[in-house]
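Heads up, upload-v2.cif below (mmCIF, C-alpha atoms and all ligand atoms):
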```cif
data_query
#
loop_
_atom_site.group_PDB
_atom_site.id
_atom_site.type_symbol
_atom_site.label_atom_id
_atom_site.label_comp_id
_atom_site.auth_asym_id
_atom_site.auth_seq_id
_atom_site.Cartn_x
_atom_site.Cartn_y
_atom_site.Cartn_z
ATOM 1 C CA MET I 1 -16.810 66.839 83.955
ATOM 2 C CA LYS I 2 -14.885 65.416 86.895
ATOM 3 C CA LYS I 3 -12.755 67.080 89.507
ATOM 4 C CA VAL I 4 -9.174 65.925 88.964
ATOM 5 C CA THR I 5 -6.486 66.670 91.522
ATOM 6 C CA VAL I 6 -2.912 66.409 90.242
ATOM 7 C CA ILE I 7 -0.180 66.067 92.862
ATOM 8 C CA THR I 8 3.253 66.946 91.502
ATOM 9 C CA SER I 9 6.418 66.243 93.430
ATOM 10 C CA SER I 10 9.673 67.218 91.706
ATOM 11 C CA LEU I 11 11.721 69.867 93.516
ATOM 12 C CA ARG I 12 13.683 70.737 90.362
ATOM 13 C CA ALA I 13 13.227 74.217 88.869
ATOM 14 C CA LYS I 14 13.480 72.682 85.372
ATOM 15 C CA SER I 15 11.614 69.451 85.831
ATOM 16 C CA THR I 16 10.873 66.770 83.261
ATOM 17 C CA SER I 17 7.850 65.481 85.150
ATOM 18 C CA LYS I 18 6.363 68.964 85.590
ATOM 19 C CA THR I 19 6.950 69.763 81.918
ATOM 20 C CA LEU I 20 5.041 66.649 80.881
ATOM 21 C CA MET I 21 2.440 67.328 83.581
ATOM 22 C CA ASN I 22 1.712 70.727 82.023
ATOM 23 C CA GLU I 23 0.925 69.016 78.704
ATOM 24 C CA MET I 24 -1.166 66.371 80.446
ATOM 25 C CA VAL I 25 -3.134 69.114 82.207
ATOM 26 C CA LYS I 26 -3.915 70.776 78.848
ATOM 27 C CA GLY I 27 -5.469 67.485 77.732
ATOM 28 C CA LEU I 28 -7.285 67.002 81.038
ATOM 29 C CA LYS I 29 -8.809 70.476 80.905
ATOM 30 C CA GLU I 30 -10.672 69.563 77.736
ATOM 31 C CA HIS I 31 -12.970 67.422 79.886
ATOM 32 C CA HIS I 32 -12.337 68.193 83.524
ATOM 33 C CA GLU I 33 -11.815 70.721 86.263
ATOM 34 C CA VAL I 34 -8.178 70.425 87.372
ATOM 35 C CA LYS I 35 -6.532 71.354 90.657
ATOM 36 C CA ILE I 36 -2.737 71.098 91.011
ATOM 37 C CA ILE I 37 -1.050 70.472 94.341
ATOM 38 C CA ASP I 38 2.659 71.269 94.032
ATOM 39 C CA ILE I 39 4.634 69.588 96.804
ATOM 40 C CA SER I 40 7.700 71.713 95.974
ATOM 41 C CA ARG I 41 5.807 74.778 97.207
ATOM 42 C CA MET I 42 4.569 73.146 100.384
ATOM 43 C CA ASN I 43 5.791 73.003 103.923
ATOM 44 C CA LEU I 44 5.460 69.207 104.253
ATOM 45 C CA LYS I 45 6.482 67.353 107.394
ATOM 46 C CA TYR I 46 6.941 63.620 107.799
ATOM 47 C CA CYS I 47 4.131 61.557 109.329
ATOM 48 C CA ILE I 48 5.134 60.894 112.941
ATOM 49 C CA GLY I 49 2.966 57.765 113.212
ATOM 50 C CA CYS I 50 1.012 58.924 116.264
ATOM 51 C CA MET I 51 -2.270 57.628 114.774
ATOM 52 C CA THR I 52 -4.237 60.474 116.361
ATOM 53 C CA CYS I 53 -5.825 61.085 112.949
ATOM 54 C CA GLN I 54 -7.469 57.666 113.026
ATOM 55 C CA ASP I 55 -9.568 58.814 116.000
ATOM 56 C CA THR I 56 -9.957 62.523 115.328
ATOM 57 C CA GLY I 57 -9.772 62.701 111.511
ATOM 58 C CA LYS I 58 -7.196 65.460 111.937
ATOM 59 C CA CYS I 59 -3.407 65.528 111.788
ATOM 60 C CA VAL I 60 -1.537 66.909 114.805
ATOM 61 C CA LEU I 61 1.130 68.447 112.565
ATOM 62 C CA ASN I 62 0.710 72.060 111.579
ATOM 63 C CA ASP I 63 1.831 72.476 107.983
ATOM 64 C CA ASP I 64 0.414 72.935 104.481
ATOM 65 C CA VAL I 65 -1.252 69.530 104.319
ATOM 66 C CA LYS I 66 -4.279 71.017 106.079
ATOM 67 C CA ASN I 67 -4.726 73.386 103.114
ATOM 68 C CA VAL I 68 -4.811 70.635 100.484
ATOM 69 C CA ILE I 69 -6.137 67.440 102.059
ATOM 70 C CA GLU I 70 -9.742 68.240 101.118
ATOM 71 C CA ASP I 71 -8.665 68.714 97.493
ATOM 72 C CA VAL I 72 -7.494 65.107 97.635
ATOM 73 C CA ASN I 73 -10.525 63.774 99.490
ATOM 74 C CA SER I 74 -13.108 65.528 97.342
ATOM 75 C CA ALA I 75 -11.561 64.791 93.928
ATOM 76 C CA ASP I 76 -13.053 62.166 91.626
ATOM 77 C CA THR I 77 -9.638 61.362 90.195
ATOM 78 C CA LEU I 78 -6.094 61.700 91.533
ATOM 79 C CA ILE I 79 -2.968 61.821 89.396
ATOM 80 C CA PHE I 80 0.444 61.505 91.041
ATOM 81 C CA VAL I 81 3.342 63.044 89.110
ATOM 82 C CA THR I 82 6.801 61.934 90.141
ATOM 83 C CA PRO I 83 10.349 61.439 88.961
ATOM 84 C CA ILE I 84 11.493 57.866 89.503
ATOM 85 C CA TYR I 85 13.991 57.816 92.345
ATOM 86 C CA TYR I 86 15.803 54.525 92.906
ATOM 87 C CA TYR I 87 13.042 52.710 91.086
ATOM 88 C CA SER I 88 10.357 53.994 93.371
ATOM 89 C CA VAL I 89 8.392 57.214 93.698
ATOM 90 C CA SER I 90 10.191 60.312 94.973
ATOM 91 C CA GLY I 91 10.601 60.581 98.741
ATOM 92 C CA GLN I 92 8.574 63.772 98.753
ATOM 93 C CA LEU I 93 5.609 62.007 97.101
ATOM 94 C CA LYS I 94 5.899 59.106 99.552
ATOM 95 C CA THR I 95 5.843 61.586 102.440
ATOM 96 C CA PHE I 96 2.717 63.182 100.953
ATOM 97 C CA LEU I 97 1.018 59.780 100.587
ATOM 98 C CA ASP I 98 1.813 58.953 104.224
ATOM 99 C CA ARG I 99 0.354 62.282 105.308
ATOM 100 C CA MET I 100 -2.965 61.329 103.705
ATOM 101 C CA ASN I 101 -3.456 58.934 106.652
ATOM 102 C CA PRO I 102 -6.341 61.062 108.064
ATOM 103 C CA LEU I 103 -8.333 60.027 104.958
ATOM 104 C CA TYR I 104 -7.990 56.306 105.719
ATOM 105 C CA PRO I 105 -10.935 56.017 108.151
ATOM 106 C CA ARG I 106 -13.152 58.588 106.448
ATOM 107 C CA GLU I 107 -16.419 57.536 104.864
ATOM 108 C CA ASP I 108 -16.951 60.669 102.766
ATOM 109 C CA ARG I 109 -14.002 59.860 100.513
ATOM 110 C CA LYS I 110 -14.856 60.693 96.914
ATOM 111 C CA PHE I 111 -11.841 59.690 94.825
ATOM 112 C CA LYS I 112 -12.294 56.452 92.926
ATOM 113 C CA GLU I 113 -9.579 56.515 90.270
ATOM 114 C CA VAL I 114 -5.836 57.037 90.489
ATOM 115 C CA TYR I 115 -3.288 57.545 87.718
ATOM 116 C CA ALA I 116 0.431 58.365 87.649
ATOM 117 C CA LEU I 117 2.881 60.190 85.425
ATOM 118 C CA PHE I 118 6.493 59.088 85.783
ATOM 119 C CA THR I 119 9.732 60.374 84.294
ATOM 120 C CA CYS I 120 13.129 58.711 84.523
ATOM 121 C CA ALA I 121 16.533 58.412 82.867
ATOM 122 C CA ASP I 122 16.076 54.747 82.034
ATOM 123 C CA ASP I 123 14.703 53.890 78.587
ATOM 124 C CA ASP I 124 13.325 50.506 79.644
ATOM 125 C CA PRO I 125 9.521 50.471 80.087
ATOM 126 C CA LYS I 126 10.061 48.110 83.037
ATOM 127 C CA ALA I 127 11.441 51.103 85.004
ATOM 128 C CA THR I 128 7.876 51.980 85.992
ATOM 129 C CA GLU I 129 7.046 48.584 87.514
ATOM 130 C CA LYS I 130 8.291 49.273 91.046
ATOM 131 C CA PRO I 131 7.024 52.870 91.325
ATOM 132 C CA THR I 132 3.686 51.554 90.082
ATOM 133 C CA LYS I 133 3.727 49.013 92.912
ATOM 134 C CA ALA I 134 4.418 51.814 95.417
ATOM 135 C CA ILE I 135 1.341 53.719 94.268
ATOM 136 C CA GLU I 136 -0.759 50.549 94.049
ATOM 137 C CA GLY I 137 0.141 49.796 97.659
ATOM 138 C CA TRP I 138 -1.391 53.116 98.710
ATOM 139 C CA VAL I 139 -4.427 52.707 96.441
ATOM 140 C CA GLU I 140 -5.210 49.209 97.712
ATOM 141 C CA CYS I 141 -5.604 50.572 101.255
ATOM 142 C CA PHE I 142 -8.676 52.509 100.123
ATOM 143 C CA ASP I 143 -11.718 50.329 99.372
ATOM 144 C CA GLY I 144 -13.295 50.931 95.999
ATOM 145 C CA VAL I 145 -10.362 52.924 94.611
ATOM 146 C CA GLU I 146 -8.680 51.715 91.430
ATOM 147 C CA TYR I 147 -5.236 52.362 89.944
ATOM 148 C CA LYS I 148 -6.134 52.953 86.316
ATOM 149 C CA GLY I 149 -2.770 53.461 84.637
ATOM 150 C CA TYR I 150 0.179 55.723 84.005
ATOM 151 C CA TYR I 151 2.174 57.693 81.484
ATOM 152 C CA ASP I 152 5.901 57.013 81.325
ATOM 153 C CA GLY I 153 8.390 59.607 80.173
ATOM 154 C CA LEU I 154 11.375 57.347 79.576
ATOM 155 C CA ALA I 155 14.978 58.294 78.717
ATOM 156 C CA LEU I 156 14.548 61.744 80.251
ATOM 157 C CA ASN I 157 17.498 62.889 82.342
ATOM 158 C CA ASP I 158 16.544 66.522 82.087
ATOM 159 C CA VAL I 159 14.228 68.838 80.187
ATOM 160 C CA GLY I 160 16.594 68.999 77.197
ATOM 161 C CA ASP I 161 15.807 65.353 76.484
ATOM 162 C CA ILE I 162 12.080 65.980 76.074
ATOM 163 C CA THR I 163 10.874 65.509 72.487
ATOM 164 C CA GLU I 164 7.705 66.646 70.711
ATOM 165 C CA LYS I 165 6.592 63.010 70.905
ATOM 166 C CA ASP I 166 6.896 63.081 74.708
ATOM 167 C CA LEU I 167 4.881 66.310 74.927
ATOM 168 C CA LYS I 168 2.181 64.991 72.623
ATOM 169 C CA GLY I 169 2.079 61.681 74.482
ATOM 170 C CA ALA I 170 1.518 63.429 77.797
ATOM 171 C CA TYR I 171 -1.183 65.654 76.282
ATOM 172 C CA GLU I 172 -2.964 62.641 74.768
ATOM 173 C CA PHE I 173 -2.712 60.795 78.070
ATOM 174 C CA GLY I 174 -4.471 63.680 79.827
ATOM 175 C CA LYS I 175 -7.099 63.878 77.121
ATOM 176 C CA SER I 176 -7.748 60.129 77.323
ATOM 177 C CA ILE I 177 -8.721 60.278 80.999
ATOM 178 C CA LYS I 178 -12.500 60.256 81.076
HETATM 179 C C1 LIG I 201 17.901 60.726 93.756
HETATM 180 C C2 LIG I 201 17.656 60.338 92.328
HETATM 181 C C3 LIG I 201 17.392 59.041 92.032
HETATM 182 C C4 LIG I 201 17.118 58.654 90.724
HETATM 183 N N1 LIG I 201 16.848 57.348 90.459
HETATM 184 C C5 LIG I 201 16.582 56.958 89.194
HETATM 185 C C6 LIG I 201 16.280 55.608 88.897
HETATM 186 O O1 LIG I 201 16.190 54.744 89.771
HETATM 187 N N2 LIG I 201 16.043 55.263 87.595
HETATM 188 C C7 LIG I 201 16.096 56.183 86.580
HETATM 189 O O2 LIG I 201 15.897 55.807 85.437
HETATM 190 N N3 LIG I 201 16.361 57.500 86.849
HETATM 191 C C8 LIG I 201 16.599 57.895 88.119
HETATM 192 N N4 LIG I 201 16.870 59.228 88.396
HETATM 193 C C9 LIG I 201 16.777 60.218 87.292
HETATM 194 C C10 LIG I 201 15.427 60.967 87.307
HETATM 195 O O3 LIG I 201 14.336 60.086 87.380
HETATM 196 C C11 LIG I 201 15.289 61.813 86.042
HETATM 197 O O4 LIG I 201 16.357 62.753 85.967
HETATM 198 C C12 LIG I 201 13.971 62.515 85.948
HETATM 199 O O5 LIG I 201 13.812 63.102 84.668
HETATM 200 C C13 LIG I 201 13.845 63.626 87.019
HETATM 201 O O6 LIG I 201 12.559 64.207 86.951
HETATM 202 P P1 LIG I 201 12.298 65.752 87.379
HETATM 203 O O7 LIG I 201 13.137 66.597 86.445
HETATM 204 O O8 LIG I 201 10.850 65.954 87.182
HETATM 205 O O9 LIG I 201 12.726 65.876 88.794
HETATM 206 C C14 LIG I 201 17.142 59.626 89.697
HETATM 207 C C15 LIG I 201 17.426 60.961 89.998
HETATM 208 C C16 LIG I 201 17.686 61.315 91.310
HETATM 209 C C17 LIG I 201 17.969 62.766 91.631
#
```
So that I can check it, write out the structure of this file as structure tokens.
Amino acid sequence: MKKVTVITSSLRAKSTSKTLMNEMVKGLKEHHEVKIIDISRMNLKYCIGCMTCQDTGKCVLNDDVKNVIEDVNSADTLIFVTPIYYYSVSGQLKTFLDRMNPLYPREDRKFKEVYALFTCADDDPKATEKPTKAIEGWVECFDGVEYKGYYDGLALNDVGDITEKDLKGAYEFGKSIK
């Protein structure tokens, strides 16, 4: 059993990515302990680039990141859940990734594997290429961490577009993560 931290980023009340995430989490829970960090419920400020965290290990900003950063650092596996926005990750997820800068110099980092779950309106599997690159860019900054793959919910404008096949696919994706 691993500790898996899922970071979900849509601000929509009826969200395609969160709907598929819930199915993925059912699959994950068959093997793992799961913690969900929901950015939509967080007070999340932008990184101001002061770099204080690189010396002190702590962020100067006072918001909800301090309550969740250890759930990122101490997880075995991270899964980022995001709608595709302009063929990248959502701005709110990017802000969260930037705010993980205090983890960059730390030597007690535990997470080794990163996955993603994307949803988008586009039905072309290539839609995930650029958001994948965005996440890979973050992953590659952390030695020994690997981007292991993603689930794509394509052709999903809103929750009404979600089919049984999508739900099952997300569940199976979660279950396949060992
Ligand atoms: C600002 C914005 C940008 C978007 N950009 C894209 C895009 O580049 N490609 C795409 O296929 N869908 C795009 N979409 C559609 C969303 O990815 C799609 O509606 C998705 O299901 C939203 O997920 P959510 O319900 O979890 O927020 C965009 C939506 C918004 C609001």
May I have a table of the residues of chain I lying at most 12 Å from ligand LIG 201 (chain I), giving each one's closest pair of atoms and their distance in Å to one decimal, counting only C-alpha atoms and all ligand atoms, ordered by chain and ascending residue number, as a Markdown table?
```
| residue | atom | partner | partner_atom | distance |
| --- | --- | --- | --- | --- |
| I:Thr8 | CA | I:LIG201 | O8 | 8.8 |
| I:Ser9 | CA | I:LIG201 | O8 | 7.7 |
| I:Ser10 | CA | I:LIG201 | O9 | 4.4 |
| I:Leu11 | CA | I:LIG201 | O9 | 6.3 |
| I:Arg12 | CA | I:LIG201 | O9 | 5.2 |
| I:Ala13 | CA | I:LIG201 | O7 | 8.0 |
| I:Lys14 | CA | I:LIG201 | O7 | 6.2 |
| I:Ser15 | CA | I:LIG201 | O7 | 3.3 |
| I:Thr16 | CA | I:LIG201 | O7 | 3.9 |
| I:Ser17 | CA | I:LIG201 | O8 | 3.7 |
| I:Lys18 | CA | I:LIG201 | O8 | 5.6 |
| I:Thr19 | CA | I:LIG201 | O8 | 7.6 |
| I:Leu20 | CA | I:LIG201 | O8 | 8.6 |
| I:Met21 | CA | I:LIG201 | O8 | 9.3 |
| I:Asn22 | CA | I:LIG201 | O8 | 11.5 |
| I:Asp38 | CA | I:LIG201 | O8 | 11.9 |
| I:Ile39 | CA | I:LIG201 | O9 | 12.0 |
| I:Ser40 | CA | I:LIG201 | O9 | 10.5 |
| I:Phe80 | CA | I:LIG201 | O8 | 12.0 |
| I:Val81 | CA | I:LIG201 | O8 | 8.3 |
| I:Thr82 | CA | I:LIG201 | O8 | 6.4 |
| I:Pro83 | CA | I:LIG201 | O6 | 4.1 |
| I:Ile84 | CA | I:LIG201 | O3 | 4.2 |
| I:Tyr85 | CA | I:LIG201 | N1 | 3.5 |
| I:Tyr86 | CA | I:LIG201 | O1 | 3.2 |
| I:Tyr87 | CA | I:LIG201 | O1 | 4.0 |
| I:Ser88 | CA | I:LIG201 | O1 | 6.9 |
| I:Val89 | CA | I:LIG201 | N1 | 9.1 |
| I:Ser90 | CA | I:LIG201 | C1 | 7.8 |
| I:Gly91 | CA | I:LIG201 | C1 | 8.8 |
| I:Gln92 | CA | I:LIG201 | O9 | 11.0 |
| I:Leu93 | CA | I:LIG201 | O9 | 11.6 |
| I:Leu117 | CA | I:LIG201 | O8 | 10.0 |
| I:Phe118 | CA | I:LIG201 | O6 | 8.0 |
| I:Thr119 | CA | I:LIG201 | O5 | 4.9 |
| I:Cys120 | CA | I:LIG201 | O3 | 3.4 |
| I:Ala121 | CA | I:LIG201 | O2 | 3.7 |
| I:Asp122 | CA | I:LIG201 | O2 | 3.6 |
| I:Asp123 | CA | I:LIG201 | O2 | 7.2 |
| I:Asp124 | CA | I:LIG201 | O2 | 8.3 |
| I:Pro125 | CA | I:LIG201 | O2 | 9.9 |
| I:Lys126 | CA | I:LIG201 | O2 | 10.0 |
| I:Ala127 | CA | I:LIG201 | O2 | 6.5 |
| I:Thr128 | CA | I:LIG201 | O2 | 8.9 |
| I:Glu129 | CA | I:LIG201 | N2 | 11.2 |
| I:Lys130 | CA | I:LIG201 | O1 | 9.7 |
| I:Pro131 | CA | I:LIG201 | O1 | 9.5 |
| I:Asp152 | CA | I:LIG201 | O5 | 10.5 |
| I:Gly153 | CA | I:LIG201 | O5 | 7.9 |
| I:Leu154 | CA | I:LIG201 | O2 | 7.6 |
| I:Ala155 | CA | I:LIG201 | O2 | 7.2 |
| I:Leu156 | CA | I:LIG201 | O5 | 4.7 |
| I:Asn157 | CA | I:LIG201 | O4 | 3.8 |
| I:Asp158 | CA | I:LIG201 | O5 | 5.1 |
| I:Val159 | CA | I:LIG201 | O7 | 6.7 |
| I:Gly160 | CA | I:LIG201 | O5 | 9.9 |
| I:Asp161 | CA | I:LIG201 | O5 | 8.7 |
| I:Ile162 | CA | I:LIG201 | O5 | 9.2 |
```
Please, what distance in Å, to one decimal, runs between CA of Asp98 (chain I) and CA of Cys47 (chain I)?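 CA of Cys47 (chain I) lies 6.2 Å from CA of Asp98 (chain I).
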Can you tell me which residues surround Arg106 (chain I) at a distance of at most 10 Å, considering all atoms listed in the file, apart from same-chain residues fewer than 4 positions away, and format the answer as a list in words? Gln54, Gly57, Asn73, Asn101, Pro102, Lys110 and Phe142 of chain I
Which residues, protein or nucleic acid, reach to within 7 Å of (-13.7, 64.5, 94.3) in the file's coordinates when using only C-alpha atoms, and can you give that as a PyMOL selection string? chain I and resi 3+73-77+110-111
Could you state the separation of CA of Leu61 (chain I) and CA of Arg41 (chain I) in Å, given to one decimal place?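 Answer for the CA of Leu61 (chain I) to CA of Arg41 (chain I) separation: 17.3 Å.
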When you look at Glu140 (chain I) with a cut-off of 12 Å (counting only C-alpha atoms), what residues show up, excluding the ones that are within fewer than 6 positions of it in the same chain? I need them as a ChimeraX atom specification. /I:104,112-114,132-134,146-147
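A straight line drawn from CA of Asp64 (chain I) to CA of Met100 (chain I) is 12.1 Å long.
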Applied to this file, what does the PyMOL selection byres (((chain I and resi 6) around 8) and not hetatm) return in terms of residues, put as a short mmCIF file (atom, residue, chain, number, x, y, z; two decimals) with C-alpha atoms, keeping the file's coordinate frame?
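For reference, selection_19.cif as written:
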```cif
data_model
loop_
_atom_site.label_atom_id
_atom_site.label_comp_id
_atom_site.auth_asym_id
_atom_site.auth_seq_id
_atom_site.Cartn_x
_atom_site.Cartn_y
_atom_site.Cartn_z
CA VAL I 4 -9.17 65.92 88.96
CA THR I 5 -6.49 66.67 91.52
CA ILE I 7 -0.18 66.07 92.86
CA THR I 8 3.25 66.95 91.50
CA VAL I 34 -8.18 70.42 87.37
CA LYS I 35 -6.53 71.35 90.66
CA ILE I 36 -2.74 71.10 91.01
CA ILE I 37 -1.05 70.47 94.34
CA LEU I 78 -6.09 61.70 91.53
CA ILE I 79 -2.97 61.82 89.40
CA PHE I 80 0.44 61.50 91.04
CA VAL I 81 3.34 63.04 89.11
#
```
Name the residues in contact with Arg99 (chain I) at a cut-off of 9 Å, using all atoms listed in the file, excluding same-chain residues fewer than 5 positions from it; report them as an mmCIF file with C-alpha atoms, in the frame of the given file.
```cif
data_model
loop_
_atom_site.group_PDB
_atom_site.id
_atom_site.type_symbol
_atom_site.label_atom_id
_atom_site.label_comp_id
_atom_site.auth_asym_id
_atom_site.auth_seq_id
_atom_site.Cartn_x
_atom_site.Cartn_y
_atom_site.Cartn_z
ATOM 1 C CA LEU I 44 5.460 69.207 104.253
ATOM 2 C CA LYS I 45 6.482 67.353 107.394
ATOM 3 C CA TYR I 46 6.941 63.620 107.799
ATOM 4 C CA CYS I 47 4.131 61.557 109.329
ATOM 5 C CA CYS I 59 -3.407 65.528 111.788
ATOM 6 C CA VAL I 65 -1.252 69.530 104.319
ATOM 7 C CA ILE I 69 -6.137 67.440 102.059
ATOM 8 C CA LYS I 94 5.899 59.106 99.552
#
```
Residue contacts of Phe173 (chain I) (8 Å, all atoms listed in the file) excluding same-chain residues fewer than 3 positions away, as a PyMOL selection string: chain I and resi 24+27+151+169-170+176-177
Calculated over all atoms listed in the file, which of the candidates I:Cys53, I:Val72, I:Ala116, I:Val25 has the smallest distance to Lys148 (chain I)?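 With all atoms listed in the file as the atom set, the closest residue is I:Ala116.
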Calculated over all atoms listed in the file, which of the candidates I:Ile48, I:Lys2, I:Asp63, I:Asp71 has the smallest distance to Glu33 (chain I)?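 So, comparing all the options, the nearest one is I:Lys2.
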Box along x, y and z, 4 Å on every side, all listed atoms of region 54-72 of chain I inside: centre and edge lengths in Å to one decimal, as lines of an AutoDock Vina configuration file.
```
center_x = -4.1
center_y = 65.5
center_z = 106.7
size_x = 19.8
size_y = 23.7
size_z = 26.5
```
Pick out the residues sitting within 10 Å of Thr56 (chain I), and hand them over as a count of residues only; count all atoms listed in the file, and ignore anything fewer than 4 positions along from it in its own chain. 5
